[in-house]
Every structure is written in structure tokens, then in C-alpha cells.
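Structure data follow from final-v1.tsv (TSV, C-alpha atoms):
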```tsv
chain	number	residue	atom	x	y	z
A	145	MET	CA	40.83	-26.57	48.56
A	146	THR	CA	42.58	-23.29	48.93
A	147	VAL	CA	40.86	-20.09	49.99
A	148	LYS	CA	41.50	-18.77	46.51
A	149	ASN	CA	39.65	-21.71	44.98
A	150	ILE	CA	36.79	-21.36	47.46
A	151	VAL	CA	36.41	-17.70	46.59
A	152	ALA	CA	36.51	-18.51	42.90
A	153	ALA	CA	33.89	-21.23	43.31
A	154	PHE	CA	31.69	-18.86	45.35
A	155	MET	CA	31.98	-16.18	42.70
A	156	ILE	CA	30.97	-18.63	40.01
A	157	VAL	CA	27.95	-19.83	41.99
A	158	PHE	CA	27.02	-16.25	42.87
A	159	THR	CA	27.29	-15.17	39.26
A	160	VAL	CA	25.13	-18.08	38.13
A	161	LEU	CA	22.54	-17.35	40.78
A	162	LEU	CA	22.59	-13.64	39.99
A	163	SER	CA	22.19	-14.36	36.29
A	164	SER	CA	19.36	-16.76	37.03
A	165	PHE	CA	17.65	-14.23	39.29
A	166	ALA	CA	18.10	-11.45	36.75
A	167	TYR	CA	16.69	-13.67	34.03
A	168	TYR	CA	13.72	-14.66	36.20
A	169	ALA	CA	13.15	-11.04	37.19
A	170	TYR	CA	13.18	-10.07	33.53
A	171	GLN	CA	10.64	-12.81	32.78
A	172	VAL	CA	8.41	-11.75	35.68
A	173	TYR	CA	8.41	-8.14	34.46
A	174	ASN	CA	8.51	-8.36	30.70
A	175	THR	CA	7.67	-11.81	29.36
A	176	PRO	CA	4.13	-12.12	27.95
A	177	ASN	CA	1.93	-13.68	30.61
A	178	ILE	CA	-1.56	-12.31	29.92
A	179	LEU	CA	-3.76	-13.82	27.20
A	180	VAL	CA	-0.76	-15.58	25.68
A	181	ASP	CA	-1.50	-16.59	22.08
A	182	ARG	CA	-5.08	-15.36	22.51
A	183	GLU	CA	-7.05	-12.26	21.52
A	184	ASP	CA	-7.62	-9.07	23.49
A	185	ALA	CA	-10.36	-9.52	26.09
A	186	TYR	CA	-12.27	-7.52	28.68
A	187	PHE	CA	-11.70	-8.32	32.33
A	188	ALA	CA	-14.21	-7.23	34.99
A	189	ILE	CA	-13.34	-6.72	38.65
A	190	PRO	CA	-16.54	-6.49	40.74
A	191	SER	CA	-16.85	-3.86	43.46
A	192	GLY	CA	-15.52	-5.07	46.82
A	193	SER	CA	-13.11	-7.57	45.26
A	194	SER	CA	-9.95	-8.52	47.14
A	195	PHE	CA	-6.61	-9.22	45.50
A	196	ARG	CA	-7.27	-12.91	46.02
A	197	ASP	CA	-10.56	-12.52	44.15
A	198	VAL	CA	-8.70	-10.89	41.25
A	199	GLN	CA	-6.17	-13.73	41.16
A	200	VAL	CA	-8.95	-16.32	41.04
A	201	LEU	CA	-10.81	-14.46	38.29
A	202	LEU	CA	-7.65	-14.13	36.21
A	203	TYR	CA	-6.68	-17.76	36.60
A	204	ASP	CA	-10.13	-19.33	36.27
A	205	GLY	CA	-10.91	-17.14	33.27
A	206	GLY	CA	-7.72	-18.20	31.53
A	207	TYR	CA	-6.35	-14.65	31.41
A	208	VAL	CA	-3.04	-15.36	33.17
A	209	GLN	CA	-0.58	-18.09	32.22
A	210	ASP	CA	1.73	-18.01	35.26
A	211	ALA	CA	-0.26	-17.02	38.34
A	212	VAL	CA	2.79	-17.21	40.63
A	213	SER	CA	4.81	-14.60	38.76
A	214	PHE	CA	1.77	-12.32	38.49
A	215	GLY	CA	1.16	-12.60	42.23
A	216	LEU	CA	4.84	-11.95	43.06
A	217	LEU	CA	5.10	-8.80	40.98
A	218	SER	CA	1.69	-7.58	42.17
A	219	ARG	CA	2.94	-7.63	45.74
A	220	LEU	CA	6.20	-5.95	44.81
A	221	LYS	CA	4.20	-3.15	43.16
A	222	ASP	CA	1.65	-3.01	46.02
A	223	TYR	CA	-1.22	-3.91	43.71
A	224	ASP	CA	-2.46	-6.37	46.34
A	225	LYS	CA	-3.36	-3.27	48.40
A	226	LEU	CA	-4.65	-1.16	45.48
A	227	VAL	CA	-7.35	-3.27	43.82
A	228	LYS	CA	-9.82	-1.07	41.91
A	229	PRO	CA	-13.09	-2.39	40.48
A	230	GLY	CA	-13.95	-1.86	36.84
A	231	LEU	CA	-13.89	-3.19	33.32
A	232	TYR	CA	-10.43	-3.35	31.76
A	233	LEU	CA	-9.26	-4.23	28.28
A	234	LEU	CA	-6.37	-6.66	28.58
A	235	LYS	CA	-4.18	-7.01	25.50
A	236	ALA	CA	-2.98	-10.28	24.04
A	237	ASP	CA	0.56	-11.21	25.15
A	238	MET	CA	0.59	-8.47	27.76
A	239	SER	CA	3.37	-8.57	30.37
A	240	ASN	CA	2.70	-8.78	34.09
A	241	ASN	CA	4.12	-5.28	34.54
A	242	ASP	CA	1.85	-3.69	31.92
A	243	ALA	CA	-1.23	-5.54	33.17
A	244	ILE	CA	-0.59	-4.61	36.80
A	245	ASN	CA	0.03	-0.97	35.89
A	246	LEU	CA	-3.30	-0.90	34.05
A	247	LEU	CA	-5.30	-2.58	36.80
A	248	ARG	CA	-3.66	-0.51	39.52
A	249	SER	CA	-4.38	2.74	37.67
A	250	GLY	CA	-8.14	2.17	37.65
A	251	GLN	CA	-8.29	3.37	34.04
A	252	GLN	CA	-11.42	1.51	32.99
A	253	THR	CA	-12.51	0.93	29.43
A	254	PRO	CA	-15.95	2.53	28.86
A	255	THR	CA	-18.77	0.19	27.91
A	256	ARG	CA	-22.05	0.90	26.17
A	257	ILE	CA	-25.64	0.66	27.30
A	258	THR	CA	-28.55	0.70	24.86
A	259	PHE	CA	-32.30	0.75	25.40
A	260	ASN	CA	-35.25	1.24	23.08
A	261	GLY	CA	-38.71	-0.13	22.39
A	262	ILE	CA	-39.78	0.30	26.01
A	263	ARG	CA	-43.49	0.75	26.63
A	264	LYS	CA	-43.53	0.94	30.43
A	265	LEU	CA	-41.06	2.22	32.99
A	266	GLU	CA	-40.96	-1.21	34.65
A	267	GLU	CA	-39.19	-2.56	31.56
A	268	LEU	CA	-36.32	-0.08	31.80
A	269	PRO	CA	-34.16	-1.56	34.61
A	270	GLU	CA	-33.58	-4.85	32.80
A	271	LYS	CA	-32.50	-3.16	29.57
A	272	ILE	CA	-30.54	-0.18	30.85
A	273	THR	CA	-28.37	-2.27	33.18
A	274	SER	CA	-27.49	-4.90	30.60
A	275	GLY	CA	-23.70	-5.05	30.28
A	276	ILE	CA	-22.83	-3.15	33.48
A	277	GLU	CA	-22.26	-4.17	37.08
A	278	LEU	CA	-25.41	-2.45	38.35
A	279	THR	CA	-28.30	-4.91	38.73
A	280	PRO	CA	-31.88	-4.25	37.59
A	281	MET	CA	-33.05	-4.49	41.21
A	282	GLN	CA	-30.52	-1.91	42.38
A	283	PHE	CA	-31.51	0.52	39.63
A	284	GLU	CA	-35.23	-0.11	40.09
A	285	LYS	CA	-35.07	0.83	43.76
A	286	LEU	CA	-33.89	4.36	42.95
A	287	LEU	CA	-35.81	4.64	39.68
A	288	PHE	CA	-39.17	4.57	41.45
A	289	ASP	CA	-38.15	6.95	44.21
A	290	LYS	CA	-40.80	9.68	44.03
A	291	ASP	CA	-38.60	12.33	45.61
A	292	ARG	CA	-36.04	11.75	42.85
A	293	MET	CA	-38.73	12.08	40.17
A	294	ILE	CA	-39.94	15.36	41.65
A	295	SER	CA	-36.40	16.72	41.95
A	296	TYR	CA	-36.01	16.25	38.19
A	297	GLY	CA	-39.36	17.93	37.48
A	298	PHE	CA	-41.47	14.86	36.73
A	299	ASP	CA	-44.24	12.78	38.27
A	300	SER	CA	-44.82	9.03	38.15
A	301	LEU	CA	-46.84	9.29	34.91
A	302	ASN	CA	-44.51	11.41	32.80
A	303	TYR	CA	-41.16	10.38	34.33
A	304	ILE	CA	-40.66	7.88	31.50
A	305	SER	CA	-40.15	10.80	29.09
A	306	MET	CA	-36.83	11.64	30.77
A	307	PHE	CA	-35.23	8.53	29.30
A	308	LEU	CA	-34.26	8.95	25.67
A	309	PRO	CA	-33.59	5.73	23.73
A	310	ASN	CA	-30.01	5.72	22.52
A	311	THR	CA	-26.60	4.15	23.03
A	312	TYR	CA	-24.55	5.71	25.83
A	313	GLU	CA	-20.94	5.22	26.92
A	314	VAL	CA	-20.60	4.64	30.65
A	315	TYR	CA	-18.21	2.96	33.05
A	316	TRP	CA	-19.03	-0.60	34.04
A	317	THR	CA	-19.09	0.42	37.71
A	318	ILE	CA	-21.59	3.26	37.28
A	319	THR	CA	-24.00	3.50	40.23
A	320	ALA	CA	-27.78	3.89	40.12
A	321	ASP	CA	-27.45	7.49	41.30
A	322	GLU	CA	-24.83	8.28	38.65
A	323	LEU	CA	-26.86	6.62	35.90
A	324	LEU	CA	-30.02	8.56	36.74
A	325	LYS	CA	-28.05	11.80	36.83
A	326	ARG	CA	-26.55	10.94	33.44
A	327	MET	CA	-30.02	10.30	31.95
A	328	HIS	CA	-31.24	13.63	33.32
A	329	GLU	CA	-28.24	15.42	31.81
A	330	GLU	CA	-28.89	13.74	28.45
A	331	TYR	CA	-32.54	14.83	28.64
A	332	LYS	CA	-31.56	18.45	29.33
A	333	ARG	CA	-28.99	18.32	26.54
A	334	PHE	CA	-31.59	17.00	24.07
A	335	TRP	CA	-34.13	19.65	25.01
A	336	ASN	CA	-31.97	22.54	23.89
A	337	GLU	CA	-33.22	26.06	23.31
A	338	SER	CA	-34.30	25.33	19.76
A	339	ARG	CA	-36.44	22.31	20.66
A	340	ARG	CA	-37.94	24.05	23.69
A	341	GLY	CA	-38.84	27.01	21.48
A	342	LYS	CA	-40.65	24.77	19.00
A	343	ALA	CA	-42.58	23.09	21.80
A	344	GLU	CA	-43.62	26.48	23.18
A	345	SER	CA	-44.82	27.59	19.76
A	346	MET	CA	-47.02	24.46	19.66
A	347	GLY	CA	-48.52	25.41	23.00
A	348	LEU	CA	-47.11	22.27	24.61
A	349	SER	CA	-44.61	21.53	27.35
A	350	THR	CA	-41.60	19.37	26.54
A	351	GLN	CA	-43.23	16.49	28.44
A	352	GLU	CA	-46.45	16.90	26.44
A	353	VAL	CA	-44.47	16.78	23.21
A	354	SER	CA	-42.94	13.50	24.40
A	355	THR	CA	-46.42	12.18	25.14
A	356	LEU	CA	-47.64	13.17	21.68
A	357	ALA	CA	-44.54	11.65	20.05
A	358	SER	CA	-45.10	8.41	21.95
A	359	ILE	CA	-48.60	8.13	20.46
A	360	VAL	CA	-47.36	8.92	16.96
A	361	GLN	CA	-44.57	6.35	17.23
A	362	SER	CA	-47.10	3.76	18.37
A	363	GLU	CA	-49.29	4.62	15.38
A	364	THR	CA	-46.60	4.24	12.73
A	365	ALA	CA	-43.24	2.61	12.22
A	366	LYS	CA	-42.81	4.85	9.19
A	367	LEU	CA	-40.79	7.81	10.40
A	368	ASP	CA	-41.40	9.68	7.14
A	369	GLU	CA	-45.10	10.13	7.94
A	370	ALA	CA	-44.72	10.86	11.65
A	371	ASP	CA	-44.84	14.62	11.03
A	372	ARG	CA	-48.13	14.26	9.12
A	373	ILE	CA	-49.79	12.15	11.83
A	374	THR	CA	-48.62	14.70	14.40
A	375	GLY	CA	-50.35	17.37	12.32
A	376	VAL	CA	-53.60	15.38	12.47
A	377	TYR	CA	-53.50	15.16	16.25
A	378	LEU	CA	-52.65	18.84	16.61
A	379	ASN	CA	-55.61	19.72	14.36
A	380	ARG	CA	-57.86	17.67	16.63
A	381	LEU	CA	-56.49	19.36	19.74
A	382	LYS	CA	-57.08	22.80	18.21
A	383	ARG	CA	-60.69	21.88	17.39
A	384	GLY	CA	-61.34	20.49	20.86
A	385	MET	CA	-61.86	17.00	19.43
A	386	ALA	CA	-60.89	13.82	21.21
A	387	LEU	CA	-57.63	12.37	19.87
A	388	GLN	CA	-59.25	8.94	19.40
A	389	ALA	CA	-55.85	7.27	19.25
A	390	ASP	CA	-56.08	3.48	19.23
A	391	PRO	CA	-52.60	2.99	20.75
A	392	THR	CA	-53.76	4.74	23.93
A	393	LEU	CA	-56.52	2.14	24.30
A	394	ILE	CA	-54.04	-0.69	23.80
A	395	PHE	CA	-51.86	0.89	26.49
A	396	ALA	CA	-54.86	1.18	28.82
A	397	LEU	CA	-55.77	-2.46	28.18
A	398	ASN	CA	-52.12	-3.43	28.79
A	399	ASP	CA	-52.20	-5.91	25.91
A	400	PHE	CA	-49.69	-5.01	23.22
A	401	THR	CA	-50.55	-8.05	21.11
A	402	ILE	CA	-53.82	-6.39	20.02
A	403	ARG	CA	-53.86	-5.64	16.28
A	404	ARG	CA	-57.49	-4.62	16.01
A	405	VAL	CA	-59.24	-2.30	18.45
A	406	LEU	CA	-62.92	-3.10	19.03
A	407	ASN	CA	-65.77	-0.73	19.85
A	408	THR	CA	-66.03	-2.28	23.32
A	409	ASP	CA	-62.42	-1.22	23.97
A	410	LYS	CA	-63.43	2.39	23.48
A	411	THR	CA	-65.52	2.35	26.65
A	412	ILE	CA	-62.71	1.36	29.03
A	413	LYS	CA	-62.45	3.66	32.03
A	414	SER	CA	-58.90	4.98	31.96
A	415	PRO	CA	-57.22	8.40	31.74
A	416	TYR	CA	-55.47	6.93	28.70
A	417	ASN	CA	-58.73	6.37	26.83
A	418	THR	CA	-58.52	9.20	24.30
A	419	TYR	CA	-61.95	8.30	22.89
A	420	ILE	CA	-63.74	9.51	26.03
A	421	ASN	CA	-61.11	11.92	27.42
A	422	LYS	CA	-60.19	15.00	25.44
A	423	GLY	CA	-56.64	16.25	25.22
A	424	LEU	CA	-53.42	14.35	25.72
A	425	PRO	CA	-53.20	11.44	28.18
A	426	PRO	CA	-51.33	12.06	31.46
A	427	GLY	CA	-48.04	10.71	30.16
A	428	PRO	CA	-46.26	8.87	27.33
A	429	ILE	CA	-47.50	5.42	26.32
A	430	ARG	CA	-43.94	4.38	25.53
A	431	ILE	CA	-40.45	5.88	25.66
A	432	PRO	CA	-40.46	7.93	22.45
A	433	ASP	CA	-37.49	7.82	20.13
A	434	GLY	CA	-35.75	11.18	19.73
A	435	ARG	CA	-36.42	11.07	16.00
A	436	TYR	CA	-40.16	10.93	16.64
A	437	ILE	CA	-39.90	13.82	19.06
A	438	ASP	CA	-38.19	15.83	16.33
A	439	ALA	CA	-40.85	14.75	13.83
A	440	ALA	CA	-43.50	16.01	16.24
A	441	LEU	CA	-41.69	19.31	16.74
A	442	ASN	CA	-41.44	19.71	12.96
A	443	PHE	CA	-45.04	18.62	12.28
A	444	GLU	CA	-46.67	18.98	8.90
A	445	ASP	CA	-49.18	21.84	8.74
A	446	HIS	CA	-52.26	20.60	6.85
A	447	ASN	CA	-56.07	20.27	7.07
A	448	PHE	CA	-56.36	16.54	7.73
A	449	ILE	CA	-58.29	15.54	10.83
A	450	TYR	CA	-58.72	11.82	10.11
A	451	PHE	CA	-56.45	8.93	9.15
A	452	CYS	CA	-56.46	5.16	9.17
A	453	ALA	CA	-54.09	2.41	8.10
A	454	LYS	CA	-53.99	1.58	4.40
A	455	GLU	CA	-55.61	-1.65	3.30
A	456	ASP	CA	-52.37	-2.86	1.66
A	457	PHE	CA	-50.79	-3.33	5.12
A	458	SER	CA	-47.81	-1.26	3.99
A	459	GLY	CA	-47.69	0.44	7.35
A	460	TYR	CA	-48.66	3.78	5.84
A	461	HIS	CA	-51.93	5.63	6.36
A	462	ALA	CA	-54.72	7.21	4.32
A	463	TYR	CA	-55.72	10.75	5.35
A	464	ALA	CA	-58.97	12.67	5.08
A	465	THR	CA	-60.27	16.16	5.80
A	466	ASN	CA	-63.86	15.02	6.42
A	467	LEU	CA	-65.67	12.11	8.05
A	468	SER	CA	-67.28	10.88	4.81
A	469	ASP	CA	-63.94	10.29	3.08
A	470	HIS	CA	-62.49	8.82	6.25
A	471	MET	CA	-65.27	6.22	6.48
A	472	VAL	CA	-64.50	5.11	2.93
A	473	ASN	CA	-60.85	4.61	3.89
A	474	ALA	CA	-61.83	2.90	7.15
A	475	ARG	CA	-64.16	0.41	5.44
A	476	ARG	CA	-61.39	-0.56	3.01
A	477	PHE	CA	-59.05	-1.31	5.87
A	478	GLN	CA	-61.69	-3.20	7.87
A	479	LYS	CA	-62.44	-5.34	4.83
A	480	ALA	CA	-58.75	-6.14	4.42
A	481	MET	CA	-58.54	-7.05	8.13
A	482	ASN	CA	-61.52	-9.38	7.79
A	483	GLN	CA	-60.08	-11.06	4.69
A	484	SER	CA	-56.82	-11.60	6.53
A	485	LYS	CA	-58.77	-12.99	9.51
A	486	ILE	CA	-57.42	-10.36	11.87
A	487	PHE	CA	-60.18	-9.99	14.41
A	488	ARG	CA	-58.08	-9.04	17.43
```
Let me see the file written as C-alpha cells.
Amino acid sequence: MTVKNIVAAFMIVFTVLLSSFAYYAYQVYNTPNILVDREDAYFAIPSGSSFRDVQVLLYDGGYVQDAVSFGLLSRLKDYDKLVKPGLYLLKADMSNNDAINLLRSGQQTPTRITFNGIRKLEELPEKITSGIELTPMQFEKLLFDKDRMISYGFDSLNYISMFLPNTYEVYWTITADELLKRMHEEYKRFWNESRRGKAESMGLSTQEVSTLASIVQSETAKLDEADRITGVYLNRLKRGMALQADPTLIFALNDFTIRRVLNTDKTIKSPYNTYINKGLPPGPIRIPDGRYIDAALNFEDHNFIYFCAKEDFSGYHAYATNLSDHMVNARRFQKAMNQSKIFR
């Protein structure tokens, strides 16, 4: 074989190899390799993860089709040295290049946390950390730090009022410190100048309004009468009467299955017993919904000083300006309770 033929053969082989390499390089960069023929999906990288951990999570979770090509390009783009924890939205049929650029950038997709219906602060960690990397135990450790409570202007009894039930957008990697700061910022944002002014005109602090709203919310699931019930309690406070709020007894007894408060319950020794202690209890008996706080701030001005649940079990209440009329309403409800065999 002549030199000319050798050179020609070499050029052919080189061209084939170059074409093959170029084609493979194109596939590595641009061919769909993430969630092929699947739907978009979230991918979480825990804090402290190595590149090897990411590879395993992608492969075991069925996110990546060709792990070798993903690993090769990751190293070429130095992603193996730039792993960033977080929650990322990977698109169906995404290329290696696009996926690596996203993961390397650290541009997380925000997630949402929601909490409501919480009666005691101990219930909060489990609910508020649902759907994020932070564990209930990690959050709980900082949540009950007394120095942190004091720095925000609360004590252990009213601290629960800082947490306003809602849905919040956060990053999956949010820390306990960041989450507490966020809740404090949301609290300050909620208690704007207008709301603070209304509380002041009522002669109550913002925390006392939250306590009052927590009692009202525990009394009724009907938001449209929350302002009227608030008016009843404010009338009692003005007259120096005990609030006599059954929900505070249930809170003191720590039994939220109780449907009927008994006379013996009214003797329990507790700062939350509003039958024997005048004024508001030392803190909220649940995390009050912001709507109930607003209902309390915009209370109905009237002369009612008594109320009890209606005998039709509608959830609404009958109101009275004097004890005689109230006892008539109360006997109707007690009779209905007896007929329905609700004794506790």
C-alpha cells in the first residue's frame, strides 16, 4: 500500500471517528435525557449531598435515562464540584446541558408550606415543616428557645400568636432560623398601622386581640358572627364580668373532644379558667386565623352580654341582653343536647 493510500485511509478513518465523536457530543449535550417521555417532576438534592449522591438520586428515581452521558458532561462543566442543595423542577425531555445548567445555578423552585387548625405550639413543627427539608425536630429545637421568643417580644404563653395560619412560599432548604424570621416578618406585616390602631382603640395589645380572636374562633366556625361574639366578650370585659368562655375550659382540660362542658369543669384551677379568673387568659387557646383577628378588630357594637349555641345545631348562637332571656335560650340548647344524647 502506497503512502498516498495510507494517508487516504487514515483520513477516512479520522473523518468517521470525528463524525462519530461530533454526533456523540451532540447527543450528550442536546439529546433529551431527563424524564424522557414522562411529565415534569420536582427533584430534591438534600444539604450535604455529593455529586455521587446526585447521580444515585437521579438514576434510582428514574429521572435520567443515560447516566453515563450525564456524568460525563457534568464533569466537563464542573458540576461535580458545584453541587447545590435544593428543590428543582426538571422538565420532561430535558437535555443534559439544560439540566446541568439548572442544577449548577442553584435556582430552586419555591415550594409552599401551609398550617392551620393548631391548638398548641407543640403541634406546629410537624405541620410547618411538611414539604421542606427542615425536620420537625430541628425546627422544634429553635422554636422553644426562650431567648428567641423574648427577642421577638413574646413569652412562652403568647408566642403562638406570632404564627399566622396561611400558605407561604419558601425554599425547600429554608433553615429553622430563616423560617422563624420569616414568620416574624409576616406577623409584623399583618399587624400594620391600621390594625394596630384598631387594637389600641379597643384598649388591647395586638397579642391580647389574638387571644380574644382565638376564643371567638373556638366558639364558632361561622365567621359571619365572629364580630358579634367579640362584641359580647368586650361588653363583659367593660363590665368587669368574667368571660365565662367554655373553650378556655376545654383548653385547660386539654381534651378537645369535649362537646359539653359540665359544672365540675368550671372549678378547674387554671389561668385559662375564665369562669373563676376575670379578664383574658394569659395567651391564645389556638393559633387564630387572620380572618378572625380582623373580625375581632371590627367587632359589632351592641348590648348583648350573653350567648349560647342554638338548639338546631346550626353552629350559630342565640344572644341575650339579660340573664333571664339567656337562661331560656340555654335550657333550649341543653334539652336538645340531652335528646341527642350528648352528655360530654
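Using only C-alpha atoms, the nearest neighbour of Asn442 of chain A within the list A:Asp321, A:Asp409, A:Glu266, A:Asp371 is A:Asp371.
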- Would you kindly identify which residues have an atom no farther than 7 Å from (-45.7, 11.4, 25.0), using all atoms listed in the file and the file's own coordinates, and write them out as a PyMOL selection string? chain A and resi 305+351-359+427-429+432
- Counting all atoms listed in the file, the residue of A:Arg372, A:Lys422, A:His461, A:His328 that sits nearest Ala439 of chain A: A:Arg372
- Find the residues around Thr255 of chain A up to 9 Å (only C-alpha atoms counted), leave out those fewer than 6 positions away in its own chain, and share them as number ranges by chain. A: 231, 275-276, 312-316
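Put simply, atom CA of Arg340 of chain A is 16.6 Å away from atom CA of Asp433 of chain A.
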- Between atom CA of Glu267 of chain A and atom CA of Ile394 of chain A, what is the distance, to one decimal in Å?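 Computing it gives 16.9 Å between the two atoms.
Pairwise distance (atom CA of Asn336 of chain A, atom CA of Arg292 of chain A) equals 22.2 Å.
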- Task: Name the residues, using the chain letters and numbers of the file, that sit within 6 Å of (-6.1, -13.9, 31.5) when counting only C-alpha atoms, and give them as a ChimeraX atom specification.
- Result: /A:178-179,202,206-208
- Task: May I have the residues within 6 Å of Ala480 of chain A as a ChimeraX atom specification, using only C-alpha atoms and disregarding those fewer than 3 positions away in the same chain?
- Result: /A:455,477,483
- Item | Surrounding residues of Lys325 of chain A excluding itself and chain neighbours under 6 positions, 12 Å, only C-alpha atoms, as a PyMOL selection string | chain A and resi 286-287+292-293+295-296+306-307+318-319+331-332
